[in-house]
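Engineer: Structure in structure tokens, see below.
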Amino acid sequence: MLINHVGITVGDLDAGVQWYSTVFGLTVLVGPTETGLVGDARERRLDIFGPRWAGMRLAHLIDESGVGIEMFEFVEPPTLVADEPFAYWRTGLWHVAFSVEDLEATREKITELGGRARTGIYKLGNSDCRVCYCEDPWGTALELSTKPYRTITLG
């Protein structure tokens with residue numbers, strides 16, 4: 001089993017594509033493109049989103065390992081920013097983690113480009129891995145790690 005992609009909703013798709021491409025070096029595969037209640041995907045999208053859905057913009061981005069980010073900006077109903085986006089106590093996805101070469105530089109780039117640093121930088125247990133939490137400009141929680149998950153040992 002491999003992670004294929006993660007879906008993220010942003011308030012401005014063009015800005016989101018630019019932001020994630022700049023901060024994390026993701027490559028755009030498709031989009032940004034607009035889609036609505038036309039074409040061969042109409043039935044599938046109504047099945048996914050329900051009868052309120054009438055349109056969205058989307059883009060597909062990919063990292064160098066092949067894992068993707070599918071990014072959405074909903075047009076109808078319009079995208080809303082959550083009152084409290086960091087709702088870690090609710091079920092479901094609450095953060096996306098990125099392994100980065102330079103933790104400090106990536107954290108700084110995030111804040112320079114409209115995101116924010118949520119935490120300080122911490123060492124994980126007895127490992128040489130360091131992590132911190134940030135947010136993109138739309139409130140999505142992002143974990144930055146100096147090592148890929150599969151290489152972290154906490155013992």
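Residues in the structure tokens are named by chain (A, B, ... in the order shown) and by number from 1 within that chain; ligands are numbered from 1 in the order shown.
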Do you know which residues are at most 10 Å from stretch 77-91 of chain A counting only C-alpha atoms, after dropping those on the same chain fewer than 2 positions away, and could you put them as a VMD selection string?

Structural biologist: chain A and resid 9 to 12 52 to 56 72 to 75 93 to 95 118 135 138 to 141

Engineer: What parts of stretch 71-149 of chain A does DSSP call strand (DSSP E)? I'd like the answer as a VMD selection string.

Structural biologist: chain A and resid 71 to 76 96 to 99 116 to 117 122 to 123 130 to 135 141 to 145

Engineer: Find the residues around A:Pro137 up to 10 Å (only C-alpha atoms counted), leave out those fewer than 6 positions away in its own chain, and share them as a list of chain:residue names.

Structural biologist: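 In the requested form, the answer reads A:Val10, A:Gly11, A:Asp12, A:Ala15, A:Gly16, A:Trp19, A:Ile110, A:Thr111, A:Leu113, A:Gly114, A:Gly115, A:Arg116.
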
Engineer: At a cut-off of 12 Å, using only C-alpha atoms, what residues contact A:Thr106? Leave out same-chain residues fewer than 2 positions from it and give the result as a ChimeraX atom specification.

Structural biologist: /A:19-20,22-25,98-104,108-113,115-117,121,131-136,142-146

Engineer: Quick one: pull the distance between atom CA of A:His5 and atom CA of A:Ala41, Å, one decimal.

Structural biologist: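 Computing the Euclidean distance for atom CA of A:His5 and atom CA of A:Ala41 yields 19.3 Å.
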
Engineer: I need the residues of chain A that end up classed as helix (DSSP H, G or I) by DSSP on the backbone, written out as a count of residues only.

Structural biologist: 33

Engineer: With distances taken over only C-alpha atoms, which of A:Ala105, A:Gly39, A:Asn4, A:Ser21 is nearest to A:Ala59?

Structural biologist: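 Closest to A:Ala59, using only C-alpha atoms: A:Ser21.
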
Engineer: So which residues touch A:Gly31 within 12 Å, counting only C-alpha atoms, skipping near sequence neighbours fewer than 4 positions away, as a PDB file with N, CA and C atoms, in the first residue's frame?

Structural biologist:
```pdb
ATOM      1  N   LEU A  13      -7.395  28.918  -5.297  1.00  0.00           N
ATOM      2  CA  LEU A  13      -6.645  27.824  -5.926  1.00  0.00           C
ATOM      3  C   LEU A  13      -5.345  28.295  -6.572  1.00  0.00           C
ATOM      4  N   ASP A  14      -5.389  29.398  -7.299  1.00  0.00           N
ATOM      5  CA  ASP A  14      -4.166  29.883  -7.949  1.00  0.00           C
ATOM      6  C   ASP A  14      -3.096  30.181  -6.898  1.00  0.00           C
ATOM      7  N   GLY A  16      -2.973  28.901  -3.889  1.00  0.00           N
ATOM      8  CA  GLY A  16      -2.607  27.630  -3.259  1.00  0.00           C
ATOM      9  C   GLY A  16      -1.581  26.861  -4.073  1.00  0.00           C
ATOM     10  N   VAL A  17      -1.798  26.785  -5.370  1.00  0.00           N
ATOM     11  CA  VAL A  17      -0.844  26.098  -6.250  1.00  0.00           C
ATOM     12  C   VAL A  17       0.513  26.789  -6.176  1.00  0.00           C
ATOM     13  N   GLN A  18       0.511  28.107  -6.260  1.00  0.00           N
ATOM     14  CA  GLN A  18       1.759  28.863  -6.174  1.00  0.00           C
ATOM     15  C   GLN A  18       2.439  28.647  -4.825  1.00  0.00           C
ATOM     16  N   THR A  27       5.355  19.850  -8.099  1.00  0.00           N
ATOM     17  CA  THR A  27       5.189  20.070  -9.527  1.00  0.00           C
ATOM     18  C   THR A  27       3.716  19.951  -9.885  1.00  0.00           C
ATOM     19  N   THR A  35     -14.421  22.889 -12.983  1.00  0.00           N
ATOM     20  CA  THR A  35     -15.341  21.820 -13.332  1.00  0.00           C
ATOM     21  C   THR A  35     -16.678  22.066 -12.644  1.00  0.00           C
ATOM     22  N   MET A  56     -16.409  23.552  -8.885  1.00  0.00           N
ATOM     23  CA  MET A  56     -15.153  23.716  -8.158  1.00  0.00           C
ATOM     24  C   MET A  56     -14.033  23.946  -9.149  1.00  0.00           C
ATOM     25  N   ARG A  57     -12.926  24.396  -8.613  1.00  0.00           N
ATOM     26  CA  ARG A  57     -11.670  24.462  -9.356  1.00  0.00           C
ATOM     27  C   ARG A  57     -10.742  23.465  -8.680  1.00  0.00           C
ATOM     28  N   LEU A  58      -9.882  22.814  -9.456  1.00  0.00           N
ATOM     29  CA  LEU A  58      -8.962  21.863  -8.857  1.00  0.00           C
ATOM     30  C   LEU A  58      -7.641  21.816  -9.592  1.00  0.00           C
ATOM     31  N   ALA A  59      -6.643  21.309  -8.883  1.00  0.00           N
ATOM     32  CA  ALA A  59      -5.304  21.118  -9.446  1.00  0.00           C
ATOM     33  C   ALA A  59      -4.688  19.896  -8.783  1.00  0.00           C
ATOM     34  N   HIS A  60      -3.820  19.247  -9.512  1.00  0.00           N
ATOM     35  CA  HIS A  60      -3.076  18.101  -8.984  1.00  0.00           C
ATOM     36  C   HIS A  60      -1.595  18.462  -8.983  1.00  0.00           C
ATOM     37  N   LEU A  61      -0.961  18.283  -7.818  1.00  0.00           N
ATOM     38  CA  LEU A  61       0.467  18.536  -7.680  1.00  0.00           C
ATOM     39  C   LEU A  61       1.122  17.250  -7.191  1.00  0.00           C
ATOM     40  N   GLU A  70      -4.040  16.890  -4.100  1.00  0.00           N
ATOM     41  CA  GLU A  70      -5.137  17.324  -4.952  1.00  0.00           C
ATOM     42  C   GLU A  70      -5.750  18.525  -4.244  1.00  0.00           C
ATOM     43  N   MET A  71      -5.731  19.660  -4.899  1.00  0.00           N
ATOM     44  CA  MET A  71      -6.125  20.904  -4.274  1.00  0.00           C
ATOM     45  C   MET A  71      -7.449  21.378  -4.860  1.00  0.00           C
ATOM     46  N   PHE A  72      -8.358  21.813  -3.966  1.00  0.00           N
ATOM     47  CA  PHE A  72      -9.699  22.218  -4.352  1.00  0.00           C
ATOM     48  C   PHE A  72      -9.996  23.644  -3.905  1.00  0.00           C
ATOM     49  N   GLU A  73     -10.728  24.363  -4.740  1.00  0.00           N
ATOM     50  CA  GLU A  73     -11.397  25.602  -4.362  1.00  0.00           C
ATOM     51  C   GLU A  73     -12.839  25.433  -4.809  1.00  0.00           C
TER      52      GLU A  73
END
```

Engineer: Restricting the calculation to only C-alpha atoms: of A:Gly7, A:Gly120, A:Gly125, A:Gly50, which residue gets closest to A:Ile62?

Structural biologist: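 Ranking A:Gly7, A:Gly120, A:Gly125, A:Gly50 by distance to A:Ile62, first place goes to A:Gly7.
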